[in-house]
file work07.pdb (PDB, C-alpha atoms)
ATOM      1  CA  MET A 172     -64.869 120.997 -44.607
ATOM      2  CA  SER A 173     -63.307 123.767 -42.565
ATOM      3  CA  GLU A 174     -59.627 124.709 -42.575
ATOM      4  CA  THR A 175     -59.224 123.443 -39.011
ATOM      5  CA  THR A 176     -60.114 119.847 -39.897
ATOM      6  CA  ARG A 177     -58.281 119.750 -43.220
ATOM      7  CA  GLU A 178     -54.959 120.826 -41.827
ATOM      8  CA  PRO A 179     -54.487 117.999 -39.301
ATOM      9  CA  ASP A 180     -55.611 115.550 -42.011
ATOM     10  CA  ALA A 181     -52.958 116.826 -44.354
ATOM     11  CA  ARG A 182     -50.365 116.574 -41.637
ATOM     12  CA  ARG A 183     -51.426 113.054 -40.808
ATOM     13  CA  LEU A 184     -51.189 112.040 -44.454
ATOM     14  CA  ALA A 185     -47.733 113.536 -44.721
ATOM     15  CA  THR A 186     -46.574 111.670 -41.614
ATOM     16  CA  ASP A 187     -48.099 108.475 -42.931
ATOM     17  CA  ALA A 188     -46.324 108.851 -46.276
ATOM     18  CA  ARG A 189     -43.039 109.566 -44.550
ATOM     19  CA  ASP A 190     -43.391 106.488 -42.307
ATOM     20  CA  ARG A 191     -44.227 104.347 -45.289
ATOM     21  CA  VAL A 192     -41.235 105.556 -47.282
ATOM     22  CA  ARG A 193     -38.986 104.885 -44.309
ATOM     23  CA  PHE A 194     -40.440 101.417 -43.857
ATOM     24  CA  GLU A 195     -39.907 100.595 -47.526
ATOM     25  CA  GLU A 196     -36.323 101.822 -47.445
ATOM     26  CA  ASP A 197     -35.595  99.816 -44.272
ATOM     27  CA  ALA A 198     -37.097  96.677 -45.798
ATOM     28  CA  LEU A 199     -35.128  97.100 -49.021
ATOM     29  CA  ALA A 200     -31.902  97.599 -47.077
ATOM     30  CA  LEU A 201     -32.427  94.125 -45.614
ATOM     31  CA  SER A 202     -33.118  92.436 -48.950
ATOM     32  CA  ASP A 203     -29.628  90.913 -49.331
ATOM     33  CA  GLN A 204     -29.929  89.272 -45.934
ATOM     34  CA  VAL A 205     -33.467  88.072 -46.611
ATOM     35  CA  TYR A 206     -32.399  86.655 -49.971
ATOM     36  CA  ARG A 207     -29.497  84.777 -48.412
ATOM     37  CA  VAL A 208     -32.013  82.804 -46.355
ATOM     38  CA  ALA A 209     -34.744  82.635 -49.017
ATOM     39  CA  ARG A 210     -32.379  81.155 -51.567
ATOM     40  CA  HIS A 211     -31.921  78.037 -49.442
ATOM     41  CA  LEU A 212     -35.511  77.641 -48.292
ATOM     42  CA  VAL A 213     -36.497  76.802 -51.873
ATOM     43  CA  GLY A 214     -34.925  74.614 -54.525
ATOM     44  CA  SER A 215     -34.016  77.051 -57.269
ATOM     45  CA  ARG A 216     -32.892  80.606 -57.833
ATOM     46  CA  GLU A 217     -36.018  81.303 -59.881
ATOM     47  CA  GLU A 218     -38.270  80.207 -57.032
ATOM     48  CA  ALA A 219     -36.291  82.338 -54.606
ATOM     49  CA  GLU A 220     -36.654  85.376 -56.863
ATOM     50  CA  ASP A 221     -40.424  84.901 -57.203
ATOM     51  CA  LEU A 222     -40.774  84.410 -53.485
ATOM     52  CA  MET A 223     -38.778  87.558 -52.741
ATOM     53  CA  GLN A 224     -40.993  89.628 -55.023
ATOM     54  CA  GLU A 225     -44.189  88.251 -53.521
ATOM     55  CA  THR A 226     -42.819  88.863 -50.053
ATOM     56  CA  TYR A 227     -41.877  92.462 -50.695
ATOM     57  CA  ALA A 228     -45.156  93.174 -52.502
ATOM     58  CA  ARG A 229     -47.062  91.864 -49.505
ATOM     59  CA  ALA A 230     -44.833  93.603 -46.990
ATOM     60  CA  PHE A 231     -45.293  96.949 -48.726
ATOM     61  CA  ARG A 232     -49.068  96.431 -48.785
ATOM     62  CA  SER A 233     -49.305  95.519 -45.118
ATOM     63  CA  TRP A 234     -46.559  97.735 -43.716
ATOM     64  CA  ARG A 235     -48.927  99.116 -41.077
ATOM     65  CA  SER A 236     -49.044  95.770 -39.330
ATOM     66  CA  PHE A 237     -45.306  95.946 -38.610
ATOM     67  CA  THR A 238     -44.554  97.240 -35.101
ATOM     68  CA  PRO A 239     -41.699  99.749 -35.312
ATOM     69  CA  GLY A 240     -38.788  98.824 -33.080
ATOM     70  CA  THR A 241     -39.297  95.078 -33.510
ATOM     71  CA  ASN A 242     -37.189  92.811 -35.727
ATOM     72  CA  LEU A 243     -37.998  93.767 -39.339
ATOM     73  CA  ARG A 244     -35.841  91.020 -40.842
ATOM     74  CA  ALA A 245     -37.737  88.393 -38.838
ATOM     75  CA  TRP A 246     -41.054  90.010 -39.837
ATOM     76  CA  LEU A 247     -40.131  89.815 -43.535
ATOM     77  CA  LEU A 248     -39.055  86.190 -43.186
ATOM     78  CA  ARG A 249     -42.286  85.330 -41.426
ATOM     79  CA  ILE A 250     -44.162  86.600 -44.502
ATOM     80  CA  LEU A 251     -41.758  84.754 -46.769
ATOM     81  CA  THR A 252     -42.056  81.384 -45.042
ATOM     82  CA  ASN A 253     -45.865  81.688 -44.952
ATOM     83  CA  LEU A 254     -45.939  82.445 -48.667
ATOM     84  CA  ASN A 255     -43.597  79.564 -49.304
ATOM     85  CA  ILE A 256     -45.990  77.206 -47.538
ATOM     86  CA  ASP A 257     -48.975  78.757 -49.376
ATOM     87  CA  ARG A 258     -47.223  78.128 -52.678
ATOM     88  CA  GLY A 259     -47.855  74.473 -52.049
ATOM     89  CA  ARG A 260     -44.446  73.359 -51.055
ATOM     90  CA  LYS A 261     -44.486  69.597 -51.301
ATOM     91  CA  LEU A 262     -45.565  67.812 -48.159
ATOM     92  CA  GLN A 263     -42.738  66.039 -46.443
ATOM     93  CA  ARG A 264     -42.755  62.938 -44.393
ATOM     94  CA  THR A 265     -43.228  63.928 -40.789
ATOM     95  CA  PRO A 266     -40.029  64.241 -38.741
ATOM     96  CA  ASP A 267     -40.830  61.112 -36.732
ATOM     97  CA  GLN A 268     -40.670  59.027 -39.858
ATOM     98  CA  GLN A 269     -37.187  60.181 -40.772
ATOM     99  CA  PRO A 270     -34.475  57.546 -40.422
ATOM    100  CA  LEU A 271     -32.213  57.889 -37.428
ATOM    101  CA  GLU A 272     -29.167  59.894 -38.301
ATOM    102  CA  GLU A 273     -25.576  59.582 -37.173
ATOM    103  CA  GLY A 274     -24.131  61.517 -34.233
ATOM    104  CA  ASP A 275     -22.630  64.997 -34.214
ATOM    105  CA  TYR A 276     -19.071  63.774 -34.603
ATOM    106  CA  PHE A 277     -19.943  61.574 -37.569
ATOM    107  CA  LEU A 278     -18.728  63.887 -40.328
ATOM    108  CA  TYR A 279     -15.390  64.569 -38.700
ATOM    109  CA  ASN A 280     -14.795  60.903 -37.936
ATOM    110  CA  ARG A 281     -15.830  59.926 -41.447
ATOM    111  CA  LEU A 282     -13.528  62.442 -43.118
ATOM    112  CA  GLU A 283     -10.656  61.644 -40.819
ATOM    113  CA  GLU A 284     -10.860  57.896 -41.200
ATOM    114  CA  THR A 285     -10.936  58.123 -44.985
ATOM    115  CA  SER A 286      -7.984  60.503 -45.300
ATOM    116  CA  ASP A 287      -4.430  59.426 -45.993
ATOM    117  CA  GLY A 288      -2.200  59.708 -42.986
ATOM    118  CA  PRO A 289      -2.584  62.043 -40.023
ATOM    119  CA  SER A 290      -4.627  65.180 -40.612
ATOM    120  CA  ASP A 291      -5.485  68.241 -38.589
ATOM    121  CA  GLU A 292      -9.020  69.602 -38.457
ATOM    122  CA  ASP A 293      -8.359  72.356 -41.013
ATOM    123  CA  ARG A 294      -7.191  69.846 -43.553
ATOM    124  CA  VAL A 295     -10.211  67.683 -42.828
ATOM    125  CA  VAL A 296     -12.601  70.558 -43.625
ATOM    126  CA  GLN A 297     -10.698  71.206 -46.843
ATOM    127  CA  ARG A 298     -11.810  67.826 -48.095
ATOM    128  CA  LEU A 299     -15.302  69.276 -48.483
ATOM    129  CA  SER A 300     -16.082  71.258 -51.598
ATOM    130  CA  GLN A 301     -18.547  74.128 -51.871
ATOM    131  CA  ASN A 302     -20.636  71.892 -54.062
ATOM    132  CA  ASP A 303     -20.750  69.166 -51.386
ATOM    133  CA  VAL A 304     -22.285  71.658 -48.993
ATOM    134  CA  VAL A 305     -24.812  73.148 -51.401
ATOM    135  CA  THR A 306     -25.957  69.720 -52.584
ATOM    136  CA  ALA A 307     -26.139  68.348 -49.051
ATOM    137  CA  LEU A 308     -28.198  71.298 -47.813
ATOM    138  CA  SER A 309     -30.716  70.878 -50.616
ATOM    139  CA  GLU A 310     -31.150  67.242 -49.571
ATOM    140  CA  VAL A 311     -32.167  68.042 -45.991
ATOM    141  CA  PRO A 312     -35.979  67.676 -45.667
ATOM    142  CA  HIS A 313     -37.835  71.024 -45.552
ATOM    143  CA  ASP A 314     -38.910  70.971 -41.920
ATOM    144  CA  PHE A 315     -35.335  70.526 -40.758
ATOM    145  CA  ARG A 316     -33.760  72.681 -43.437
ATOM    146  CA  ASP A 317     -35.954  75.706 -42.594
ATOM    147  CA  VAL A 318     -34.561  75.746 -39.069
ATOM    148  CA  VAL A 319     -30.945  75.079 -40.062
ATOM    149  CA  VAL A 320     -31.082  77.824 -42.707
ATOM    150  CA  LEU A 321     -32.651  80.377 -40.342
ATOM    151  CA  VAL A 322     -30.249  79.713 -37.470
ATOM    152  CA  ASP A 323     -26.977  78.746 -39.160
ATOM    153  CA  ILE A 324     -27.168  80.861 -42.299
ATOM    154  CA  GLY A 325     -29.596  83.599 -41.274
ATOM    155  CA  ASP A 326     -28.132  83.998 -37.782
ATOM    156  CA  PHE A 327     -31.546  84.038 -36.145
ATOM    157  CA  THR A 328     -31.923  83.088 -32.500
ATOM    158  CA  TYR A 329     -33.958  80.023 -31.540
ATOM    159  CA  ALA A 330     -36.719  82.380 -30.383
ATOM    160  CA  ASP A 331     -36.792  84.268 -33.698
ATOM    161  CA  ALA A 332     -36.861  81.031 -35.662
ATOM    162  CA  ALA A 333     -39.747  79.792 -33.503
ATOM    163  CA  GLN A 334     -41.692  82.964 -34.209
ATOM    164  CA  ILE A 335     -40.943  82.979 -37.937
ATOM    165  CA  LEU A 336     -42.018  79.365 -38.390
ATOM    166  CA  ASP A 337     -44.793  79.557 -35.795
ATOM    167  CA  ILE A 338     -43.554  76.483 -33.936
ATOM    168  CA  PRO A 339     -42.545  76.034 -30.267
ATOM    169  CA  ILE A 340     -38.942  76.769 -29.337
ATOM    170  CA  GLY A 341     -38.462  73.143 -28.245
ATOM    171  CA  THR A 342     -39.361  72.074 -31.788
ATOM    172  CA  VAL A 343     -36.797  74.535 -33.175
ATOM    173  CA  MET A 344     -34.149  72.956 -30.967
ATOM    174  CA  SER A 345     -34.973  69.379 -31.855
ATOM    175  CA  ARG A 346     -35.256  70.109 -35.585
ATOM    176  CA  LEU A 347     -31.992  72.038 -35.522
ATOM    177  CA  HIS A 348     -30.255  69.196 -33.741
ATOM    178  CA  ARG A 349     -31.483  66.597 -36.210
ATOM    179  CA  GLY A 350     -31.229  68.876 -39.230
ATOM    180  CA  ARG A 351     -27.544  69.535 -38.602
ATOM    181  CA  ARG A 352     -26.892  65.831 -38.245
ATOM    182  CA  ILE A 353     -28.758  65.040 -41.464
ATOM    183  CA  LEU A 354     -26.761  67.791 -43.200
ATOM    184  CA  LYS A 355     -23.474  66.358 -41.973
ATOM    185  CA  GLN A 356     -24.430  62.903 -43.058
ATOM    186  CA  ALA A 357     -25.300  64.207 -46.520
ATOM    187  CA  MET A 358     -21.988  66.095 -46.682
ATOM    188  CA  ALA A 359     -20.104  62.966 -45.702
ATOM    189  CA  GLU A 360     -21.838  60.989 -48.417
ATOM    190  CA  SER A 361     -21.169  63.693 -50.949
ATOM    191  CA  ALA A 362     -17.491  64.008 -49.985
ATOM    192  CA  VAL A 363     -16.456  60.424 -49.406
ATOM    193  CA  GLY A 364     -19.411  58.303 -50.487
ATOM    194  CA  SER A 365     -21.548  56.127 -48.275
ATOM    195  CA  GLU A 366     -19.218  53.132 -48.467
ATOM    196  CA  SER A 367     -15.807  52.966 -46.840
TER     197      SER A 367
ATOM    198  CA  MET B  59     -10.171  60.451 -22.191
ATOM    199  CA  CYS B  60     -13.742  61.243 -21.354
ATOM    200  CA  ASN B  61     -17.208  59.980 -21.881
ATOM    201  CA  CYS B  62     -17.286  61.536 -25.302
ATOM    202  CA  ASP B  63     -20.833  60.441 -26.053
ATOM    203  CA  GLU B  64     -21.866  62.996 -23.502
ATOM    204  CA  CYS B  65     -19.659  65.711 -24.992
ATOM    205  CA  GLU B  66     -21.261  65.113 -28.310
ATOM    206  CA  GLN B  67     -24.554  66.154 -26.689
ATOM    207  CA  TRP B  68     -23.367  69.541 -25.498
ATOM    208  CA  MET B  69     -21.085  70.465 -28.375
ATOM    209  CA  GLN B  70     -23.763  72.142 -30.519
ATOM    210  CA  PRO B  71     -25.543  73.922 -27.626
ATOM    211  CA  TYR B  72     -22.104  75.080 -26.461
ATOM    212  CA  MET B  73     -21.390  76.546 -29.875
ATOM    213  CA  ASP B  74     -24.856  78.132 -29.981
ATOM    214  CA  ARG B  75     -24.101  79.756 -26.610
ATOM    215  CA  VAL B  76     -27.236  78.417 -24.999
ATOM    216  CA  LEU B  77     -25.650  76.539 -22.090
ATOM    217  CA  THR B  78     -25.981  77.896 -18.574
ATOM    218  CA  ASP B  79     -22.858  79.505 -17.071
ATOM    219  CA  ALA B  80     -22.165  76.385 -15.038
ATOM    220  CA  GLU B  81     -22.551  74.065 -18.022
ATOM    221  CA  ARG B  82     -20.408  76.332 -20.121
ATOM    222  CA  ALA B  83     -17.628  76.341 -17.535
ATOM    223  CA  GLU B  84     -17.793  72.573 -17.343
ATOM    224  CA  ALA B  85     -17.602  72.300 -21.134
ATOM    225  CA  GLU B  86     -14.598  74.604 -21.286
ATOM    226  CA  THR B  87     -12.772  72.716 -18.581
ATOM    227  CA  HIS B  88     -13.406  69.560 -20.498
ATOM    228  CA  LEU B  89     -12.195  71.052 -23.785
ATOM    229  CA  ASP B  90      -8.974  72.127 -22.071
ATOM    230  CA  ASP B  91      -8.374  68.572 -20.905
ATOM    231  CA  CYS B  92      -9.586  66.442 -23.795
ATOM    232  CA  ALA B  93      -7.690  66.509 -27.086
ATOM    233  CA  TYR B  94     -10.287  64.271 -28.737
ATOM    234  CA  CYS B  95     -13.140  66.737 -28.169
ATOM    235  CA  ARG B  96     -10.946  69.785 -28.717
ATOM    236  CA  LYS B  97     -10.119  68.552 -32.173
ATOM    237  CA  ARG B  98     -13.784  68.035 -32.918
ATOM    238  CA  TYR B  99     -14.738  71.393 -31.495
ATOM    239  CA  ARG B 100     -12.261  73.141 -33.794
ATOM    240  CA  PHE B 101     -13.589  71.156 -36.699
ATOM    241  CA  GLU B 102     -17.194  72.073 -35.889
ATOM    242  CA  ALA B 103     -16.346  75.770 -35.585
ATOM    243  CA  HIS B 104     -14.453  75.686 -38.864
ATOM    244  CA  LEU B 105     -17.245  73.719 -40.513
ATOM    245  CA  ARG B 106     -19.875  76.282 -39.554
ATOM    246  CA  ARG B 107     -17.880  79.076 -41.125
ATOM    247  CA  PHE B 108     -17.236  76.978 -44.184
ATOM    248  CA  VAL B 109     -20.921  76.065 -44.651
ATOM    249  CA  ARG B 110     -22.023  79.666 -44.277
ATOM    250  CA  GLN B 111     -19.469  80.783 -46.848
ATOM    251  CA  ALA B 112     -20.145  77.916 -49.254
ATOM    252  CA  VAL B 113     -23.866  78.582 -49.576
ATOM    253  CA  LEU B 114     -23.515  82.325 -50.016
ATOM    254  CA  GLU B 115     -25.087  83.380 -53.280
ATOM    255  CA  PRO B 116     -25.341  87.112 -53.863
ATOM    256  CA  MET B 117     -28.740  88.507 -54.737
ATOM    257  CA  PRO B 118     -29.036  89.199 -58.484
ATOM    258  CA  ILE B 119     -28.880  92.939 -59.227
ATOM    259  CA  GLU B 120     -32.005  92.740 -61.397
ATOM    260  CA  LEU B 121     -33.946  91.323 -58.458
ATOM    261  CA  LYS B 122     -32.831  94.200 -56.287
ATOM    262  CA  GLN B 123     -34.191  96.590 -58.906
ATOM    263  CA  LYS B 124     -37.462  94.679 -59.170
ATOM    264  CA  LEU B 125     -37.942  94.915 -55.402
ATOM    265  CA  ALA B 126     -37.210  98.636 -55.455
ATOM    266  CA  ASP B 127     -39.817  99.022 -58.207
ATOM    267  CA  LEU B 128     -42.453  97.559 -55.870
ATOM    268  CA  ARG B 129     -42.259 100.635 -53.656
ATOM    269  CA  THR B 130     -45.383 102.786 -53.446
ATOM    270  CA  PRO B 131     -45.032 105.658 -55.936
ATOM    271  CA  LEU B 132     -44.546 109.032 -54.279
ATOM    272  CA  GLN B 133     -47.494 111.375 -54.761
TER     273      GLN B 133
END

call {"tool": "encode", "arguments": {"input": "work07.pdb", "output": "structure tokens"}}
result
Amino acid sequence: MSETTREPDARRLATDARDRVRFEEDALALSDQVYRVARHLVGSREEAEDLMQETYARAFRSWRSFTPGTNLRAWLLRILTNLNIDRGRKLQRTPDQQPLEEGDYFLYNRLEETSDGPSDEDRVVQRLSQNDVVTALSEVPHDFRDVVVLVDIGDFTYADAAQILDIPIGTVMSRLHRGRRILKQAMAESAVGSES
Amino acid sequence: MCNCDECEQWMQPYMDRVLTDAERAEAETHLDDCAYCRKRYRFEAHLRRFVRQAVLEPMPIELKQKLADLRTPLQ
């Protein structure tokens, strides 16, 4: 091999290595944000930790398929949700078979009607504990929870969530709508019980 | 007092900022006029912040290290 062909090769390898290092650093810088979502897509901390490691191992292996300038956090979560499904997450009843949930104002009305005397909205929220929320979220069926977690906890747009989960944007909207209602119903039950 | 069944439909899209400008203006006019919905809007906004805060669980430091260890070794 002549000097003239070796030199560009060496340069290319150096550029490649530099791009890879940068990619890995960028991905690691997002790990807290990815974990925040991952933790609530699965049932336990252990599962979330395993899933994070699998996700980063795969991301580092296939870093060339990431298009620079696009949303890296969404790309990582796309890998993560695919792996989560591959791990044999338990099949859920299909959304159509879910019971009808209460309306959007249900939680507020429920908390207000069960409180003593007049209450403002801040005081009504204070009737919920952190544990009520965490428990309620874990009770939301996967299909709905994925969307609620991505949008309300991960701050993803509807379009990002659609891309991450590989579902149409209309499905994101309907699952979000129902998922939030199911979550509120679960919070109401956790905070004040299902009976008046 | 309004047709609050209808308000219940736009409350979440309003908070997600996905209404059109015209719908948004209509929603805001309504919120100015209707104490019932205004109260619920404030609750919903507060609730979202509360939920986000309540489920926050920092990533374990050991996990952060394990992820860093997955990096490709430098030649």

call {"tool": "interface_residues", "arguments": {"input": "work07.pdb", "of": "chain A", "to": "chain B", "cutoff": "7 Å", "atoms": "only C-alpha atoms", "output": "list in words"}}
result
Glu195, Leu199, Asp203, Tyr206, Arg207, Glu220, Gln224, Tyr227, Ala228, Phe231, Asp275, Tyr276, Tyr279, Glu292, Asp293, Val296, Gln301, Val304, Val305 and Ile324 of chain A

call {"tool": "residues_around", "arguments": {"input": "work07.pdb", "residues": "Leu278 in chain A", "least_positions_apart": "6", "cutoff": "9 Å", "atoms": "all atoms listed in the file", "output": "PDB file with C-alpha atoms, in the frame of the given file"}}
result
ATOM      1  CA  ARG A 352     -26.892  65.831 -38.245  1.00  0.00           C
ATOM      2  CA  LYS A 355     -23.474  66.358 -41.973  1.00  0.00           C
ATOM      3  CA  GLN A 356     -24.430  62.903 -43.058  1.00  0.00           C
ATOM      4  CA  MET A 358     -21.988  66.095 -46.682  1.00  0.00           C
ATOM      5  CA  ALA A 359     -20.104  62.966 -45.702  1.00  0.00           C
TER       6      ALA A 359
END

call {"tool": "atom_distance", "arguments": {"input": "work07.pdb", "atom1": "CA of Leu336 in chain A", "atom2": "CA of Asn253 in chain A"}}
result
8.0 Å

call {"tool": "residues_around", "arguments": {"input": "work07.pdb", "residues": "Arg351 in chain A", "least_positions_apart": "3", "cutoff": "10 Å", "atoms": "only C-alpha atoms", "output": "mmCIF file with C-alpha atoms, in the frame of the given file"}}
result
data_model
loop_
_atom_site.group_PDB
_atom_site.id
_atom_site.type_symbol
_atom_site.label_atom_id
_atom_site.label_comp_id
_atom_site.auth_asym_id
_atom_site.auth_seq_id
_atom_site.Cartn_x
_atom_site.Cartn_y
_atom_site.Cartn_z
ATOM 1 C CA GLU A 272 -29.167 59.894 -38.301
ATOM 2 C CA GLY A 274 -24.131 61.517 -34.233
ATOM 3 C CA ASP A 275 -22.630 64.997 -34.214
ATOM 4 C CA LEU A 308 -28.198 71.298 -47.813
ATOM 5 C CA VAL A 311 -32.167 68.042 -45.991
ATOM 6 C CA PHE A 315 -35.335 70.526 -40.758
ATOM 7 C CA ARG A 316 -33.760 72.681 -43.437
ATOM 8 C CA VAL A 318 -34.561 75.746 -39.069
ATOM 9 C CA VAL A 319 -30.945 75.079 -40.062
ATOM 10 C CA VAL A 320 -31.082 77.824 -42.707
ATOM 11 C CA ASP A 323 -26.977 78.746 -39.160
ATOM 12 C CA ARG A 346 -35.256 70.109 -35.585
ATOM 13 C CA LEU A 347 -31.992 72.038 -35.522
ATOM 14 C CA HIS A 348 -30.255 69.196 -33.741
ATOM 15 C CA LEU A 354 -26.761 67.791 -43.200
ATOM 16 C CA LYS A 355 -23.474 66.358 -41.973
ATOM 17 C CA GLN A 356 -24.430 62.903 -43.058
ATOM 18 C CA ALA A 357 -25.300 64.207 -46.520
ATOM 19 C CA GLN B 70 -23.763 72.142 -30.519
#

call {"tool": "resolve_selection", "arguments": {"input": "work07.pdb", "expression": "the PyMOL selection byres ((chain A and resi 255) around 10)", "output": "PyMOL selection string"}}
result
chain A and resi 209+212-213+218-219+222-223+225-226+249-254+256-260

call {"tool": "write_last_selection", "arguments": {"input": "work07.pdb", "atoms": "C-alpha atoms", "output": "short mmCIF file (atom, residue, chain, number, x, y, z; two decimals), keeping the file's coordinate frame"}}
result
data_model
loop_
_atom_site.label_atom_id
_atom_site.label_comp_id
_atom_site.auth_asym_id
_atom_site.auth_seq_id
_atom_site.Cartn_x
_atom_site.Cartn_y
_atom_site.Cartn_z
CA ALA A 209 -34.74 82.64 -49.02
CA LEU A 212 -35.51 77.64 -48.29
CA VAL A 213 -36.50 76.80 -51.87
CA GLU A 218 -38.27 80.21 -57.03
CA ALA A 219 -36.29 82.34 -54.61
CA LEU A 222 -40.77 84.41 -53.48
CA MET A 223 -38.78 87.56 -52.74
CA GLU A 225 -44.19 88.25 -53.52
CA THR A 226 -42.82 88.86 -50.05
CA ARG A 249 -42.29 85.33 -41.43
CA ILE A 250 -44.16 86.60 -44.50
CA LEU A 251 -41.76 84.75 -46.77
CA THR A 252 -42.06 81.38 -45.04
CA ASN A 253 -45.86 81.69 -44.95
CA LEU A 254 -45.94 82.44 -48.67
CA ILE A 256 -45.99 77.21 -47.54
CA ASP A 257 -48.98 78.76 -49.38
CA ARG A 258 -47.22 78.13 -52.68
CA GLY A 259 -47.86 74.47 -52.05
CA ARG A 260 -44.45 73.36 -51.06
#

call {"tool": "atom_distance", "arguments": {"input": "work07.pdb", "atom1": "CA of Ser361 in chain A", "atom2": "CA of Ser300 in chain A"}}
result
9.1 Å
